[in-house]
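Here's start_8.pdb, which has PDB, C-alpha atoms:
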ATOM      1  CA  MET B   1     227.709 115.777  52.493
ATOM      2  CA  ILE B   2     228.663 114.541  55.968
ATOM      3  CA  TYR B   3     229.809 110.919  56.306
ATOM      4  CA  LEU B   4     230.591 110.793  60.030
ATOM      5  CA  ASN B   5     229.984 113.057  63.010
ATOM      6  CA  GLU B   6     231.061 111.542  66.305
ATOM      7  CA  ASN B   7     233.131 112.561  69.331
ATOM      8  CA  ASP B   8     235.009 115.690  68.046
ATOM      9  CA  ILE B   9     235.506 114.142  64.546
ATOM     10  CA  LEU B  10     233.507 115.148  61.479
ATOM     11  CA  ILE B  11     234.153 113.638  58.041
ATOM     12  CA  ARG B  12     232.781 115.576  55.087
ATOM     13  CA  GLU B  13     233.485 116.306  51.442
ATOM     14  CA  MET B  14     236.573 118.417  50.844
ATOM     15  CA  ARG B  15     235.918 122.064  49.980
ATOM     16  CA  GLU B  16     237.518 125.470  50.021
ATOM     17  CA  PRO B  17     239.470 126.579  52.101
ATOM     18  CA  ASP B  18     240.767 123.050  52.924
ATOM     19  CA  PRO B  19     243.506 123.017  50.225
ATOM     20  CA  GLN B  20     245.290 126.060  51.622
ATOM     21  CA  ILE B  21     244.903 124.914  55.238
ATOM     22  CA  PHE B  22     246.352 121.454  54.504
ATOM     23  CA  SER B  23     249.187 122.921  52.458
ATOM     24  CA  ASP B  24     250.113 125.472  55.127
ATOM     25  CA  GLU B  25     250.060 122.838  57.881
ATOM     26  CA  GLU B  26     252.146 120.374  55.876
ATOM     27  CA  ILE B  27     254.755 123.053  55.167
ATOM     28  CA  LYS B  28     254.942 123.660  58.945
ATOM     29  CA  GLN B  29     255.638 119.905  59.297
ATOM     30  CA  GLY B  30     258.573 120.234  56.893
ATOM     31  CA  TRP B  31     256.820 118.615  53.927
ATOM     32  CA  HIS B  32     256.827 119.835  50.344
ATOM     33  CA  ALA B  33     253.217 120.908  49.900
ATOM     34  CA  SER B  34     251.000 122.927  47.620
ATOM     35  CA  PRO B  35     247.260 123.556  47.643
ATOM     36  CA  ASP B  36     247.179 122.498  43.975
ATOM     37  CA  LYS B  37     246.930 118.753  44.651
ATOM     38  CA  TYR B  38     243.958 119.303  46.962
ATOM     39  CA  LYS B  39     242.302 121.617  44.451
ATOM     40  CA  MET B  40     242.789 118.868  41.850
ATOM     41  CA  ARG B  41     241.009 116.393  44.170
ATOM     42  CA  ILE B  42     238.067 118.772  44.533
ATOM     43  CA  ALA B  43     237.921 119.207  40.729
ATOM     44  CA  ASP B  44     238.047 115.412  40.244
ATOM     45  CA  GLN B  45     235.230 115.084  42.768
ATOM     46  CA  GLU B  46     233.141 117.633  40.871
ATOM     47  CA  LYS B  47     233.673 115.545  37.688
ATOM     48  CA  GLY B  48     232.495 112.423  39.545
ATOM     49  CA  ASP B  49     235.872 110.646  39.359
ATOM     50  CA  CYS B  50     236.312 110.416  43.124
ATOM     51  CA  LEU B  51     235.190 111.420  46.562
ATOM     52  CA  ALA B  52     237.604 113.792  48.285
ATOM     53  CA  LEU B  53     237.055 113.771  52.033
ATOM     54  CA  THR B  54     238.252 115.975  54.887
ATOM     55  CA  ALA B  55     238.279 114.979  58.546
ATOM     56  CA  GLU B  56     237.807 117.817  60.991
ATOM     57  CA  TYR B  57     238.912 117.542  64.600
ATOM     58  CA  LYS B  58     237.120 120.001  66.880
ATOM     59  CA  GLY B  59     236.254 122.072  63.809
ATOM     60  CA  ALA B  60     239.748 122.207  62.254
ATOM     61  CA  PRO B  61     240.739 120.294  59.097
ATOM     62  CA  ALA B  62     242.948 117.482  60.400
ATOM     63  CA  GLY B  63     243.130 114.789  57.709
ATOM     64  CA  TYR B  64     242.081 113.788  54.225
ATOM     65  CA  ILE B  65     241.462 110.780  52.012
ATOM     66  CA  ASN B  66     240.325 110.293  48.432
ATOM     67  CA  VAL B  67     238.526 107.371  46.819
ATOM     68  CA  TYR B  68     238.936 107.170  43.041
ATOM     69  CA  TRP B  69     236.281 104.966  41.453
ATOM     70  CA  ASN B  70     238.283 103.750  38.444
ATOM     71  CA  PRO B  71     241.940 104.774  38.706
ATOM     72  CA  PRO B  72     243.587 105.569  35.351
ATOM     73  CA  ALA B  73     247.085 104.417  36.383
ATOM     74  CA  GLY B  74     248.825 101.894  38.598
ATOM     75  CA  ALA B  75     248.345  98.199  39.264
ATOM     76  CA  PHE B  76     244.545  98.410  39.230
ATOM     77  CA  ALA B  77     244.122 100.866  36.354
ATOM     78  CA  ASN B  78     240.849 100.800  34.430
ATOM     79  CA  ARG B  79     239.514  97.759  36.302
ATOM     80  CA  ASN B  80     236.674  99.525  38.152
ATOM     81  CA  ILE B  81     238.354  98.741  41.470
ATOM     82  CA  PRO B  82     238.249 101.817  43.718
ATOM     83  CA  GLU B  83     241.620 103.123  44.858
ATOM     84  CA  ILE B  84     242.351 105.013  48.053
ATOM     85  CA  VAL B  85     244.678 107.845  47.073
ATOM     86  CA  ASP B  86     246.558 110.471  49.062
ATOM     87  CA  PHE B  87     245.572 109.663  52.644
ATOM     88  CA  GLY B  88     247.018 111.661  55.498
ATOM     89  CA  VAL B  89     246.487 113.021  58.979
ATOM     90  CA  LEU B  90     248.345 116.134  60.067
ATOM     91  CA  GLU B  91     250.963 115.262  62.679
ATOM     92  CA  LYS B  92     249.448 117.405  65.439
ATOM     93  CA  TYR B  93     246.157 115.458  65.150
ATOM     94  CA  ARG B  94     247.539 111.922  65.069
ATOM     95  CA  ARG B  95     246.748 109.240  67.666
ATOM     96  CA  ARG B  96     243.123 110.363  67.970
ATOM     97  CA  GLY B  97     241.479 107.764  65.693
ATOM     98  CA  ILE B  98     241.112 110.148  62.767
ATOM     99  CA  GLY B  99     243.046 107.965  60.304
ATOM    100  CA  ARG B 100     241.099 104.845  61.283
ATOM    101  CA  ARG B 101     237.797 106.610  60.791
ATOM    102  CA  LEU B 102     238.876 108.025  57.421
ATOM    103  CA  MET B 103     239.871 104.529  56.276
ATOM    104  CA  ASP B 104     236.596 103.054  57.589
ATOM    105  CA  ILE B 105     234.567 105.574  55.582
ATOM    106  CA  ALA B 106     236.733 105.165  52.451
ATOM    107  CA  GLU B 107     236.344 101.377  52.546
ATOM    108  CA  LYS B 108     232.600 101.682  53.126
ATOM    109  CA  LEU B 109     232.294 103.983  50.112
ATOM    110  CA  ALA B 110     234.470 101.681  47.960
ATOM    111  CA  LYS B 111     232.192  98.765  48.889
ATOM    112  CA  THR B 112     229.300 100.553  47.136
ATOM    113  CA  ARG B 113     231.145  99.983  43.828
ATOM    114  CA  SER B 114     233.281  96.844  44.297
ATOM    115  CA  ASP B 115     234.124  93.972  46.620
ATOM    116  CA  THR B 116     237.784  95.027  46.427
ATOM    117  CA  VAL B 117     239.620  98.238  47.263
ATOM    118  CA  CYS B 118     243.252  99.023  46.446
ATOM    119  CA  LEU B 119     245.927 101.554  47.298
ATOM    120  CA  GLY B 120     249.587 102.281  46.711
ATOM    121  CA  VAL B 121     251.919 102.962  49.617
ATOM    122  CA  GLY B 122     255.332 104.569  49.526
ATOM    123  CA  LEU B 123     258.298 102.511  50.619
ATOM    124  CA  HIS B 124     260.486 105.002  52.463
ATOM    125  CA  SER B 125     260.361 105.347  56.243
ATOM    126  CA  GLY B 126     258.002 108.310  56.074
ATOM    127  CA  TYR B 127     255.290 105.831  55.129
ATOM    128  CA  GLY B 128     256.144 103.363  57.907
ATOM    129  CA  SER B 129     253.042 103.988  60.023
ATOM    130  CA  ALA B 130     250.805 103.755  56.948
ATOM    131  CA  GLN B 131     252.466 100.487  55.874
ATOM    132  CA  ARG B 132     251.813  98.974  59.301
ATOM    133  CA  MET B 133     248.225 100.217  59.408
ATOM    134  CA  TYR B 134     247.402  98.781  55.963
ATOM    135  CA  VAL B 135     248.739  95.341  56.902
ATOM    136  CA  LYS B 136     246.772  95.404  60.161
ATOM    137  CA  ARG B 137     243.623  96.298  58.181
ATOM    138  CA  GLY B 138     244.073  93.260  55.918
ATOM    139  CA  TYR B 139     245.691  94.756  52.816
ATOM    140  CA  VAL B 140     248.027  92.440  50.890
ATOM    141  CA  PRO B 141     250.476  93.108  48.043
ATOM    142  CA  ASP B 142     248.922  92.640  44.621
ATOM    143  CA  GLY B 143     251.885  90.612  43.282
ATOM    144  CA  THR B 144     253.143  93.047  40.650
ATOM    145  CA  GLY B 145     256.117  94.094  42.777
ATOM    146  CA  VAL B 146     257.370  97.611  43.269
ATOM    147  CA  TRP B 147     256.246 100.447  40.998
ATOM    148  CA  TYR B 148     258.259 103.547  40.190
ATOM    149  CA  GLN B 149     256.777 106.595  38.476
ATOM    150  CA  ASN B 150     253.610 104.647  37.543
ATOM    151  CA  GLN B 151     255.529 101.771  35.918
ATOM    152  CA  ILE B 152     256.509  98.348  37.223
ATOM    153  CA  CYS B 153     260.086  98.605  38.445
ATOM    154  CA  VAL B 154     262.000  95.926  36.581
ATOM    155  CA  PRO B 155     264.414  93.763  38.583
ATOM    156  CA  TYR B 156     267.727  95.561  39.056
ATOM    157  CA  GLY B 157     266.317  98.622  37.293
ATOM    158  CA  ASN B 158     266.998 102.171  38.345
ATOM    159  CA  CYS B 159     264.672 103.816  40.816
ATOM    160  CA  CYS B 160     264.827 106.283  43.675
ATOM    161  CA  ASN B 161     263.312 105.732  47.117
ATOM    162  CA  ASN B 162     261.065 108.776  46.989
ATOM    163  CA  ASP B 163     257.285 109.256  46.897
ATOM    164  CA  ASP B 164     257.191 107.724  43.396
ATOM    165  CA  LEU B 165     258.345 104.292  44.644
ATOM    166  CA  VAL B 166     255.230 102.389  45.762
ATOM    167  CA  LEU B 167     253.848  98.965  46.455
ATOM    168  CA  TYR B 168     250.213  98.304  45.507
ATOM    169  CA  LEU B 169     248.005  96.516  47.984
ATOM    170  CA  SER B 170     244.410  95.352  47.872
ATOM    171  CA  LYS B 171     241.775  94.187  50.293
ATOM    172  CA  THR B 172     238.624  92.154  49.837
ATOM    173  CA  LEU B 173     235.765  94.044  51.451
ATOM    174  CA  GLU B 174     233.255  92.185  53.601
TER     175      GLU B 174
END
The structure in this file should be written as structure tokens.
Amino acid sequence: MIYLNENDILIREMREPDPQIFSDEEIKQGWHASPDKYKMRIADQEKGDCLALTAEYKGAPAGYINVYWNPPAGAFANRNIPEIVDFGVLEKYRRRGIGRRLMDIAEKLAKTRSDTVCLGVGLHSGYGSAQRMYVKRGYVPDGTGVWYQNQICVPYGNCCNNDDLVLYLSKTLE
């Protein structure tokens, strides 16, 4: 299914060969990547647990986003509040409005199930642009504090500032 087709940007459901393309491109960017996580998103989509979306720019996969209908873990687990998971735009395609359009579509889809949407964002500098974008879009911290490896990080507890250290945010959808 196609969700958007305007100006050089097409947003559609994720499919083969997207996982390998995203993985290869992320490795070129210096990231640790594997097609397995994208294949998992496609499998979850086939089960009806989420929508896994790919943004194409001029015909090439350029970004992705996933909307899980009832996340099984995290601050909003099992509350039927959709969660935006694993959102990214490949570096060579940034600053073209792809991320904004992916978020617009994800929020629109979440609105079909709930008046609220949530997400978790990493806290290291690699997530800096995402942190700023979420605040500008109206996301606010949920009040549970920082999470580490899917658990609330207790005050003065041990954690590592890696991809497992996140802050959950939510937004009321209009």
- Message: Taking only C-alpha atoms into account, name the residue in B:Gly30, B:Pro141, B:Gly63, B:Gly99 that is nearest to Met14 of chain B.
- Response: B:Gly63
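Nearest residue to Tyr64 of chain B, choosing from B:Tyr139, B:Trp31, B:Phe76, B:Phe22 and counting only C-alpha atoms: B:Phe22.
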- Task: Could you pull out every residue with an atom within 12 Å of (233.7, 113.9, 62.4), file coordinates, counting only C-alpha atoms, and send them as JSON, numbers by chain?
- Result: {"B": [1, 2, 3, 4, 5, 6, 7, 8, 9, 10, 11, 12, 13, 53, 54, 55, 56, 57, 58, 59, 60, 61, 62, 63, 64, 96, 97, 98, 99, 100, 101, 102, 105]}
- Message: So, with all atoms listed in the file as the atoms that count, which of B:Cys50, B:Met133, B:Val154, B:Val117 lies closest to Lys171 of chain B?
- Response: B:Val117
- Task: Would you mind listing what lies within 8 Å of Ser114 of chain B as number ranges by chain, with only C-alpha atoms counted and same-chain residues fewer than 6 positions away left out?
- Result: B: 80-82
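Distance-wise, atom CA of Leu165 of chain B and atom CA of Ile152 of chain B end up 9.7 Å apart.
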For the provided coordinates, the residues matched by the PyMOL selection byres ((chain B and resi 120) around 6) should be stated as a short mmCIF file (atom, residue, chain, number, x, y, z; two decimals) with C-alpha atoms, in the coordinates of the input.
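Okay, expr21.cif is ready:
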data_model
loop_
_atom_site.label_atom_id
_atom_site.label_comp_id
_atom_site.auth_asym_id
_atom_site.auth_seq_id
_atom_site.Cartn_x
_atom_site.Cartn_y
_atom_site.Cartn_z
CA LEU B 119 245.93 101.55 47.30
CA VAL B 121 251.92 102.96 49.62
CA VAL B 166 255.23 102.39 45.76
CA LEU B 167 253.85 98.96 46.46
CA TYR B 168 250.21 98.30 45.51
#
- Item | Exercise: Arg15 of chain B partners within 10 Å, all atoms listed in the file, chain neighbours under 4 positions left out, as a count of residues only | 9
Padding of 8 Å on every side, edges along x, y and z, all listed atoms of segment 11-15 of chain B included: what centre and edge lengths in Å, to one decimal, does that box have, as AutoDock Vina command-line options?
--center_x 234.7 --center_y 117.9 --center_z 54.0 --size_x 19.8 --size_y 24.4 --size_z 24.1
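Atom CA of Gly122 of chain B is positioned 5.7 Å from atom CA of Asp163 of chain B.
Minimum distance to His124 of chain B across B:Gly74, B:Thr172, B:Asn162, B:Ile84 (counting all atoms listed in the file) occurs at B:Asn162.
Atom to atom, atom CA of Val67 of chain B and atom CA of Val89 of chain B stand 15.6 Å apart.
Shortest separation to Arg113 of chain B among B:Asn66, B:Glu83, B:Asp44, B:Pro72 occurs at residue B:Glu83, atoms counted being all atoms listed in the file.
Distances here use only C-alpha atoms; by that measure, the residue among B:Leu90, B:Tyr134, B:Ala75, B:Lys111 closest to Tyr148 of chain B is B:Ala75.
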- Message: Once the PyMOL selection byres ((chain B and resi 20) around 9) has been evaluated on this model, what residues remain selected, and can you format them as a PyMOL selection string?
- Response: chain B and resi 16-19+21-25+34-36+38-39
Would you mind writing segment 111-122 of chain B with all heavy atoms, as a PDB file, in the frame of the given file?
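Result file follows (rebuild-v3.pdb):
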ATOM      1  N   LYS B 111     233.054  99.957  48.904  1.00  0.00           N
ATOM      2  CA  LYS B 111     232.192  98.765  48.889  1.00  0.00           C
ATOM      3  C   LYS B 111     230.911  99.005  48.086  1.00  0.00           C
ATOM      4  O   LYS B 111     230.323  98.061  47.559  1.00  0.00           O
ATOM      5  CB  LYS B 111     231.871  98.362  50.332  1.00  0.00           C
ATOM      6  CG  LYS B 111     230.930  97.198  50.484  1.00  0.00           C
ATOM      7  CD  LYS B 111     231.574  95.899  50.087  1.00  0.00           C
ATOM      8  CE  LYS B 111     230.620  94.739  50.398  1.00  0.00           C
ATOM      9  NZ  LYS B 111     230.816  93.599  49.560  1.00  0.00           N
ATOM     10  N   THR B 112     230.501 100.262  47.929  1.00  0.00           N
ATOM     11  CA  THR B 112     229.300 100.553  47.136  1.00  0.00           C
ATOM     12  C   THR B 112     229.529 100.304  45.649  1.00  0.00           C
ATOM     13  O   THR B 112     228.571 100.223  44.884  1.00  0.00           O
ATOM     14  CB  THR B 112     228.816 102.013  47.320  1.00  0.00           C
ATOM     15  OG1 THR B 112     229.784 102.916  46.776  1.00  0.00           O
ATOM     16  CG2 THR B 112     228.545 102.316  48.790  1.00  0.00           C
ATOM     17  N   ARG B 113     230.798 100.162  45.237  1.00  0.00           N
ATOM     18  CA  ARG B 113     231.145  99.983  43.828  1.00  0.00           C
ATOM     19  C   ARG B 113     231.837  98.663  43.520  1.00  0.00           C
ATOM     20  O   ARG B 113     231.880  98.247  42.377  1.00  0.00           O
ATOM     21  CB  ARG B 113     232.066 101.107  43.354  1.00  0.00           C
ATOM     22  CG  ARG B 113     231.566 102.515  43.592  1.00  0.00           C
ATOM     23  CD  ARG B 113     230.747 103.012  42.427  1.00  0.00           C
ATOM     24  NE  ARG B 113     230.315 104.374  42.633  1.00  0.00           N
ATOM     25  CZ  ARG B 113     230.616 105.386  41.843  1.00  0.00           C
ATOM     26  NH1 ARG B 113     231.376 105.199  40.796  1.00  0.00           N
ATOM     27  NH2 ARG B 113     230.157 106.586  42.105  1.00  0.00           N
ATOM     28  N   SER B 114     232.458  98.031  44.546  1.00  0.00           N
ATOM     29  CA  SER B 114     233.281  96.844  44.297  1.00  0.00           C
ATOM     30  C   SER B 114     233.453  96.057  45.587  1.00  0.00           C
ATOM     31  O   SER B 114     233.315  96.611  46.684  1.00  0.00           O
ATOM     32  CB  SER B 114     234.653  97.286  43.768  1.00  0.00           C
ATOM     33  OG  SER B 114     235.535  96.203  43.631  1.00  0.00           O
ATOM     34  N   ASP B 115     233.793  94.793  45.450  1.00  0.00           N
ATOM     35  CA  ASP B 115     234.124  93.972  46.620  1.00  0.00           C
ATOM     36  C   ASP B 115     235.602  94.068  46.970  1.00  0.00           C
ATOM     37  O   ASP B 115     236.065  93.427  47.912  1.00  0.00           O
ATOM     38  CB  ASP B 115     233.765  92.502  46.361  1.00  0.00           C
ATOM     39  CG  ASP B 115     232.259  92.291  46.319  1.00  0.00           C
ATOM     40  OD1 ASP B 115     231.529  93.097  46.941  1.00  0.00           O
ATOM     41  OD2 ASP B 115     231.811  91.338  45.669  1.00  0.00           O
ATOM     42  N   THR B 116     236.349  94.863  46.212  1.00  0.00           N
ATOM     43  CA  THR B 116     237.784  95.027  46.427  1.00  0.00           C
ATOM     44  C   THR B 116     238.113  96.512  46.437  1.00  0.00           C
ATOM     45  O   THR B 116     237.502  97.297  45.719  1.00  0.00           O
ATOM     46  CB  THR B 116     238.585  94.328  45.304  1.00  0.00           C
ATOM     47  OG1 THR B 116     238.213  92.945  45.267  1.00  0.00           O
ATOM     48  CG2 THR B 116     240.080  94.438  45.510  1.00  0.00           C
ATOM     49  N   VAL B 117     239.089  96.879  47.258  1.00  0.00           N
ATOM     50  CA  VAL B 117     239.620  98.238  47.263  1.00  0.00           C
ATOM     51  C   VAL B 117     241.140  98.111  47.201  1.00  0.00           C
ATOM     52  O   VAL B 117     241.711  97.126  47.670  1.00  0.00           O
ATOM     53  CB  VAL B 117     239.166  99.028  48.518  1.00  0.00           C
ATOM     54  CG1 VAL B 117     239.705  98.417  49.797  1.00  0.00           C
ATOM     55  CG2 VAL B 117     239.533 100.501  48.410  1.00  0.00           C
ATOM     56  N   CYS B 118     241.798  99.078  46.574  1.00  0.00           N
ATOM     57  CA  CYS B 118     243.252  99.023  46.446  1.00  0.00           C
ATOM     58  C   CYS B 118     243.863 100.351  46.862  1.00  0.00           C
ATOM     59  O   CYS B 118     243.164 101.355  47.040  1.00  0.00           O
ATOM     60  CB  CYS B 118     243.651  98.663  45.020  1.00  0.00           C
ATOM     61  SG  CYS B 118     243.212  99.905  43.788  1.00  0.00           S
ATOM     62  N   LEU B 119     245.176 100.335  47.001  1.00  0.00           N
ATOM     63  CA  LEU B 119     245.927 101.554  47.298  1.00  0.00           C
ATOM     64  C   LEU B 119     247.392 101.307  46.999  1.00  0.00           C
ATOM     65  O   LEU B 119     247.829 100.160  46.888  1.00  0.00           O
ATOM     66  CB  LEU B 119     245.735 101.994  48.762  1.00  0.00           C
ATOM     67  CG  LEU B 119     246.000 100.983  49.873  1.00  0.00           C
ATOM     68  CD1 LEU B 119     247.477 100.869  50.191  1.00  0.00           C
ATOM     69  CD2 LEU B 119     245.240 101.360  51.117  1.00  0.00           C
ATOM     70  N   GLY B 120     248.141 102.363  46.854  1.00  0.00           N
ATOM     71  CA  GLY B 120     249.587 102.281  46.711  1.00  0.00           C
ATOM     72  C   GLY B 120     250.214 102.963  47.908  1.00  0.00           C
ATOM     73  O   GLY B 120     249.743 104.017  48.343  1.00  0.00           O
ATOM     74  N   VAL B 121     251.258 102.368  48.451  1.00  0.00           N
ATOM     75  CA  VAL B 121     251.919 102.962  49.617  1.00  0.00           C
ATOM     76  C   VAL B 121     253.402 103.140  49.308  1.00  0.00           C
ATOM     77  O   VAL B 121     254.032 102.273  48.707  1.00  0.00           O
ATOM     78  CB  VAL B 121     251.708 102.117  50.890  1.00  0.00           C
ATOM     79  CG1 VAL B 121     252.325 100.741  50.776  1.00  0.00           C
ATOM     80  CG2 VAL B 121     252.221 102.845  52.125  1.00  0.00           C
ATOM     81  N   GLY B 122     253.915 104.291  49.701  1.00  0.00           N
ATOM     82  CA  GLY B 122     255.332 104.569  49.526  1.00  0.00           C
ATOM     83  C   GLY B 122     256.175 103.632  50.363  1.00  0.00           C
ATOM     84  O   GLY B 122     255.715 103.073  51.366  1.00  0.00           O
TER      85      GLY B 122
END
